[in-house]
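A.B. asks: Input structure: work_37.txt, which contains compact mmCIF, C-alpha atoms.
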# COMPACT_ATOMS: atom_id res chain seq x y z
CA MET A 1 10.23 -21.98 26.73
CA ASP A 2 11.70 -22.21 23.25
CA ALA A 3 15.51 -22.31 23.35
CA LYS A 4 15.81 -19.39 20.93
CA VAL A 5 13.45 -17.27 23.04
CA ALA A 6 15.32 -18.19 26.22
CA ALA A 7 18.61 -17.17 24.61
CA MET A 8 17.11 -13.73 23.86
CA THR A 9 15.82 -13.17 27.40
CA PHE A 10 17.83 -10.63 29.36
CA PRO A 11 17.54 -10.07 33.12
CA THR A 12 15.95 -6.69 33.83
CA ILE A 13 18.32 -4.55 35.87
CA GLY A 14 17.02 -1.51 37.72
CA ILE A 15 19.53 1.36 37.85
CA THR A 16 18.90 4.22 40.26
CA LEU A 17 19.02 7.72 38.80
CA ASP A 18 20.60 10.85 40.22
CA SER A 19 18.45 13.99 40.45
CA GLU A 20 19.19 17.68 40.11
CA GLU A 21 17.35 20.88 40.88
CA PRO A 22 16.54 23.38 38.12
CA GLY A 23 19.55 24.70 36.23
CA GLY A 24 22.04 23.44 33.69
CA TYR A 25 20.24 20.98 31.45
CA SER A 26 16.72 22.14 32.35
CA ALA A 27 14.89 25.01 34.01
CA PHE A 28 12.90 22.35 35.90
CA PRO A 29 13.98 19.47 38.20
CA TRP A 30 15.58 16.66 36.22
CA TYR A 31 17.07 13.17 36.47
CA ALA A 32 20.61 12.25 35.42
CA LEU A 33 22.55 9.06 34.70
CA ARG A 34 25.85 8.61 32.95
CA ARG A 35 25.38 6.46 29.86
CA ASN A 36 28.18 4.07 30.82
CA TYR A 37 26.05 2.54 33.62
CA CYS A 38 23.50 1.38 31.05
CA ASP A 39 26.20 0.44 28.54
CA ALA A 40 27.98 -1.74 31.11
CA VAL A 41 24.73 -3.59 31.92
CA GLY A 42 23.91 -4.05 28.24
CA ARG A 43 27.37 -5.35 27.36
CA ALA A 44 27.14 -7.87 30.20
CA GLY A 45 23.81 -9.22 28.92
CA GLY A 46 21.29 -7.30 31.02
CA LEU A 47 18.38 -5.04 30.12
CA PRO A 48 19.05 -1.65 31.80
CA LEU A 49 16.02 0.09 33.30
CA PRO A 50 16.61 3.52 34.94
CA LEU A 51 14.42 4.10 38.01
CA PRO A 52 12.74 7.42 38.90
CA HIS A 53 12.50 8.28 42.60
CA HIS A 54 9.11 7.03 43.76
CA PRO A 55 9.51 5.31 47.15
CA GLU A 56 5.81 4.40 47.12
CA PHE A 57 6.43 2.29 43.98
CA ALA A 58 9.47 0.40 45.36
CA GLY A 59 7.59 -2.89 45.69
CA ASP A 60 6.13 -2.56 42.19
CA TYR A 61 9.56 -1.84 40.72
CA LEU A 62 11.08 -4.81 42.53
CA ASP A 63 8.31 -7.12 41.26
CA ARG A 64 9.55 -6.36 37.74
CA LEU A 65 13.31 -6.48 38.35
CA ASP A 66 15.85 -9.29 38.33
CA GLY A 67 18.65 -7.20 39.85
CA LEU A 68 19.32 -3.75 41.31
CA ILE A 69 22.22 -1.34 40.80
CA VAL A 70 22.45 1.56 43.25
CA THR A 71 24.60 4.23 41.65
CA GLY A 72 26.81 7.03 42.90
CA GLY A 73 26.28 10.78 42.59
CA ALA A 74 27.18 14.21 43.90
CA PHE A 75 25.53 13.81 47.30
CA ASP A 76 25.89 11.96 50.61
CA VAL A 77 23.95 9.60 52.84
CA ASN A 78 22.18 11.44 55.66
CA PRO A 79 24.32 10.83 58.80
CA THR A 80 21.12 10.51 60.84
CA LEU A 81 20.54 7.15 59.12
CA PHE A 82 23.59 5.65 60.84
CA GLY A 83 23.10 7.33 64.21
CA ALA A 84 25.34 10.38 63.86
CA THR A 85 24.21 13.50 65.68
CA VAL A 86 26.73 15.84 64.02
CA HIS A 87 26.73 16.46 60.26
CA HIS A 88 30.00 17.42 58.58
CA ASP A 89 29.77 20.66 56.60
CA ARG A 90 30.82 18.81 53.44
CA VAL A 91 27.73 16.57 53.60
CA ARG A 92 25.25 17.29 50.80
CA LEU A 93 21.86 15.58 50.95
CA LYS A 94 19.31 14.47 48.36
CA GLU A 95 16.62 13.24 50.72
CA ARG A 96 14.07 11.93 48.21
CA ARG A 97 16.73 10.02 46.30
CA THR A 98 18.04 8.44 49.49
CA GLN A 99 14.52 7.60 50.68
CA PHE A 100 13.82 5.86 47.39
CA GLU A 101 17.11 3.99 47.22
CA LEU A 102 16.79 2.85 50.84
CA ALA A 103 13.32 1.49 50.10
CA MET A 104 14.68 -0.34 47.05
CA ILE A 105 17.66 -1.81 48.93
CA THR A 106 15.49 -2.90 51.86
CA GLY A 107 12.99 -4.58 49.55
CA ALA A 108 15.74 -6.23 47.50
CA LEU A 109 17.36 -7.61 50.66
CA GLU A 110 14.01 -9.03 51.78
CA ARG A 111 13.61 -10.76 48.41
CA ASN A 112 17.26 -11.85 48.11
CA LEU A 113 17.35 -9.94 44.83
CA PRO A 114 20.89 -9.34 43.54
CA ILE A 115 22.22 -5.92 44.58
CA PHE A 116 25.29 -4.13 43.22
CA GLY A 117 26.20 -0.89 45.04
CA ILE A 118 28.60 1.52 43.34
CA CYS A 119 30.36 4.39 45.18
CA GLY A 120 27.55 6.15 47.08
CA GLY A 121 25.43 3.07 46.39
CA GLU A 122 27.95 0.94 48.28
CA GLN A 123 27.81 3.39 51.19
CA LEU A 124 24.01 3.31 51.37
CA LEU A 125 24.05 -0.49 51.08
CA ALA A 126 26.44 -0.61 54.06
CA VAL A 127 24.10 1.63 56.09
CA ALA A 128 21.05 -0.46 55.12
CA LEU A 129 22.91 -3.54 56.37
CA GLY A 130 23.62 -1.87 59.74
CA GLY A 131 26.96 -0.18 59.11
CA THR A 132 28.21 3.37 59.64
CA LEU A 133 30.16 5.82 57.48
CA ILE A 134 33.16 8.15 57.71
CA GLN A 135 31.61 11.53 56.89
CA HIS A 136 34.81 13.10 55.52
CA ILE A 137 37.89 10.95 54.91
CA PRO A 138 40.57 13.65 55.52
CA ASP A 139 39.15 14.23 59.00
CA GLU A 140 39.40 10.60 60.11
CA ILE A 141 42.13 8.91 58.04
CA PRO A 142 45.78 9.89 58.67
CA ALA A 143 47.65 10.74 55.44
CA PRO A 144 44.77 9.72 53.16
CA LEU A 145 45.06 8.99 49.47
CA ALA A 146 43.42 11.38 47.00
CA HIS A 147 40.06 9.59 47.00
CA GLU A 148 38.65 12.55 45.08
CA GLN A 149 41.16 12.10 42.29
CA SER A 150 42.07 15.09 40.11
CA ASN A 151 42.67 13.07 36.93
CA PRO A 152 39.73 11.90 34.77
CA ARG A 153 37.55 9.10 36.13
CA ASN A 154 38.32 6.83 33.19
CA GLN A 155 41.85 6.58 34.61
CA ALA A 156 43.07 4.90 37.79
CA GLY A 157 43.55 7.01 40.92
CA HIS A 158 45.03 4.53 43.39
CA GLU A 159 45.40 0.83 44.14
CA ILE A 160 43.36 -1.48 46.34
CA THR A 161 44.03 -4.88 47.86
CA ILE A 162 41.28 -7.49 47.47
CA THR A 163 40.48 -9.81 50.38
CA GLU A 164 41.59 -13.37 49.71
CA GLY A 165 38.70 -15.86 49.62
CA SER A 166 36.07 -13.19 48.99
CA ARG A 167 33.54 -13.31 46.17
CA LEU A 168 35.18 -10.19 44.75
CA ALA A 169 38.52 -12.02 44.64
CA ALA A 170 36.94 -14.88 42.69
CA ILE A 171 35.35 -12.43 40.24
CA ALA A 172 38.36 -10.15 39.77
CA ASN A 173 40.87 -13.02 39.75
CA CYS A 174 43.58 -10.80 41.22
CA ARG A 175 44.81 -9.54 44.60
CA THR A 176 45.56 -5.92 43.74
CA LEU A 177 43.74 -3.58 41.41
CA ALA A 178 44.21 -0.02 40.16
CA VAL A 179 40.84 1.76 40.47
CA ASN A 180 39.31 5.17 39.85
CA SER A 181 38.17 7.18 42.85
CA SER A 182 35.64 9.97 43.40
CA HIS A 183 34.39 10.12 47.00
CA HIS A 184 35.00 11.94 50.28
CA GLN A 185 33.06 9.46 52.46
CA ALA A 186 33.61 5.75 53.08
CA VAL A 187 32.34 2.78 55.06
CA LYS A 188 33.47 2.93 58.69
CA THR A 189 31.95 -0.06 60.53
CA LEU A 190 29.99 -3.13 59.47
CA PRO A 191 27.96 -5.83 61.23
CA GLU A 192 29.49 -9.31 61.51
CA GLU A 193 27.67 -10.82 58.54
CA VAL A 194 29.13 -8.25 56.14
CA ILE A 195 32.77 -8.65 55.11
CA VAL A 196 35.26 -6.16 53.73
CA ASN A 197 36.37 -7.43 50.33
CA ALA A 198 38.74 -4.61 49.35
CA ILE A 199 40.81 -1.96 51.10
CA ALA A 200 43.01 0.96 49.96
CA THR A 201 46.60 1.38 51.08
CA ASP A 202 45.53 4.11 53.54
CA GLY A 203 43.06 1.76 55.22
CA VAL A 204 39.89 3.07 53.59
CA ILE A 205 37.33 0.33 52.93
CA GLU A 206 36.85 -0.04 49.17
CA GLY A 207 34.38 -2.92 48.95
CA ILE A 208 31.88 -4.98 50.93
CA GLU A 209 29.85 -8.15 50.38
CA VAL A 210 27.42 -10.43 52.18
CA PRO A 211 28.26 -14.15 51.85
CA GLY A 212 25.42 -16.55 51.18
CA ARG A 213 23.26 -14.16 49.19
CA ARG A 214 22.70 -14.43 45.44
CA PHE A 215 24.72 -11.25 44.94
CA CYS A 216 25.06 -8.51 47.54
CA LEU A 217 28.23 -6.60 46.83
CA GLY A 218 29.39 -3.01 46.82
CA VAL A 219 32.52 -1.27 45.56
CA GLN A 220 33.71 2.25 46.27
CA TRP A 221 35.12 2.83 42.78
CA HIS A 222 33.30 3.15 39.44
CA PRO A 223 33.58 -0.12 37.46
CA GLU A 224 31.14 1.18 34.82
CA PHE A 225 34.16 2.96 33.30
CA ALA A 226 35.72 -0.47 32.61
CA ILE A 227 39.31 0.64 33.08
CA ASN A 228 40.45 -2.93 33.79
CA PRO A 229 39.20 -6.50 33.14
CA ALA A 230 37.99 -6.89 36.74
CA ASP A 231 35.50 -4.05 36.23
CA THR A 232 33.93 -5.84 33.28
CA ALA A 233 33.98 -9.14 35.17
CA LEU A 234 32.02 -7.55 38.02
CA PHE A 235 29.14 -6.61 35.73
CA HIS A 236 29.14 -10.04 34.10
CA ALA A 237 29.04 -11.76 37.52
CA PHE A 238 26.20 -9.51 38.66
CA ILE A 239 24.16 -10.16 35.49
CA GLU A 240 24.71 -13.92 35.76
CA ALA A 241 23.51 -13.86 39.39
CA SER A 242 20.43 -11.90 38.25
CA ARG A 243 19.25 -14.44 35.68
CA PRO A 244 15.79 -15.78 36.67
For this file, produce the structure as structure tokens.
C.D. replies:
Amino acid sequence: MDAKVAAMTFPTIGITLDSEEPGGYSAFPWYALRRNYCDAVGRAGGLPLPLPHHPEFAGDYLDRLDGLIVTGGAFDVNPTLFGATVHHDRVRLKERRTQFELAMITGALERNLPIFGICGGEQLLAVALGGTLIQHIPDEIPAPLAHEQSNPRNQAGHEITITEGSRLAAIANCRTLAVNSSHHQAVKTLPEEVIVNAIATDGVIEGIEVPGRRFCLGVQWHPEFAINPADTALFHAFIEASRP
């Protein structure tokens, strides 16, 4: 390949969309994605490609992607997926979205395709890897932080501590980090091969990763807002890992 052409080649990054029922923007069902997800991928050198919810096309999407971002949204992972028989009354489901994202994560894991899970995407990644979730943080964590922060999401809500020796620590190049926060669920348990790479001061798991893979990492906060240098570094590391 010509060097100039190679320099212009960007890894194609699939970004999962949120979905909404009729109302607000449209009288018909519609997809949604904050622009800063795509902007963060573009700034880091990737080609952002939003993904509609077609589980039957998961393999075809993955054939065309170099990396996968599973985003957050105003919904929760179905507790049935991690073996829970009781559903908290705060749990809100988007079944087709979850079915699609689970198919994408499963296929990406099989292919060792780089995966970056953000907020709810981190939670679903944890479940796909064999973990479980806390359904509602205030019910299970004593004196919890305000993980559903009241201030705008482009500001920090609380601090986290990053696990020494983790891939996240190498990327962020720091041990503590002020992050934004917008979630009422969190990772509860993980299988042995998955490590916790960040934790909040109240004990809530804020990040996970799988060593040995090209890139398989999730964070509970929203680094697409780029409120600190570590957020930007995360996207750059993910894009670099996604280069063919």
A.B. asks: Against segment 181-184 of chain A, which residues of segment 102-157 of chain A fall within 12 Å? For each one I want the closest pair of atoms and the distance in Å (one decimal), counting only C-alpha atoms, rows by chain and increasing residue number, as a tab-separated table.
C.D. replies:
residue	atom	partner	partner_atom	distance
A:Ile118	CA	A:His183	CA	11.0
A:Cys119	CA	A:His183	CA	7.2
A:Gly120	CA	A:His183	CA	7.9
A:Gly121	CA	A:His183	CA	11.4
A:Glu122	CA	A:His183	CA	11.3
A:Gln123	CA	A:His183	CA	10.3
A:Leu133	CA	A:His184	CA	10.6
A:Ile134	CA	A:His184	CA	8.5
A:Gln135	CA	A:His184	CA	7.4
A:His136	CA	A:His184	CA	5.4
A:Ile137	CA	A:His184	CA	5.5
A:Pro138	CA	A:His184	CA	7.8
A:Asp139	CA	A:His184	CA	9.9
A:Glu140	CA	A:His184	CA	10.9
A:Ile141	CA	A:His184	CA	11.0
A:Pro144	CA	A:His184	CA	10.4
A:Leu145	CA	A:Ser181	CA	9.7
A:Ala146	CA	A:Ser181	CA	7.9
A:His147	CA	A:Ser181	CA	5.2
A:Glu148	CA	A:Ser182	CA	4.3
A:Gln149	CA	A:Ser181	CA	5.8
A:Ser150	CA	A:Ser182	CA	8.9
A:Asn151	CA	A:Ser181	CA	9.5
A:Pro152	CA	A:Ser181	CA	9.5
A:Arg153	CA	A:Ser181	CA	7.0
A:Asn154	CA	A:Ser181	CA	9.7
A:Gln155	CA	A:Ser181	CA	9.0
A:Ala156	CA	A:Ser181	CA	7.4
A:Gly157	CA	A:Ser181	CA	5.7
A.B. asks: Output as a Markdown table one row per residue of segment 171-193 of chain A within 9 Å of segment 197-210 of chain A: the closest atom pair and its distance in Å to one decimal place, counting all atoms listed in the file, sorted by chain and residue number ascending.
C.D. replies:
| residue | atom | partner | partner_atom | distance |
| --- | --- | --- | --- | --- |
| A:Thr176 | CA | A:Ala198 | CA | 8.9 |
| A:Ala186 | CA | A:Ile205 | CA | 6.6 |
| A:Val187 | CA | A:Ile205 | CA | 6.0 |
| A:Lys188 | CA | A:Ile205 | CA | 7.4 |
| A:Leu190 | CA | A:Ile208 | CA | 8.9 |
| A:Glu193 | CA | A:Val210 | CA | 6.4 |
A.B. asks: What is the distance between atom CA of Leu51 of chain A and atom CA of His87 of chain A, in Å to one decimal?
C.D. replies: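 For atom CA of Leu51 of chain A relative to atom CA of His87 of chain A, the distance reads 28.3 Å.
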A.B. asks: Counting all atoms listed in the file, which residue out of A:Thr9, A:Asn36, A:Ser19, A:Thr71 sits closest to Gly218 of chain A?
C.D. replies: A:Thr71
A.B. asks: At a cut-off of 12 Å from (41.4, -13.4, 48.6) in the coordinates of the file, what residues are picked up using all atoms listed in the file, written as a list in words?
C.D. replies: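 Residues lying no farther than 12 Å from the given point: Thr161, Ile162, Thr163, Glu164, Gly165, Ser166, Arg167, Leu168, Ala169, Ala170, Ile171, Ala172, Asn173, Cys174, Arg175, Thr176, Ile195, Val196, Asn197, Ala198 and Ile199 of chain A.
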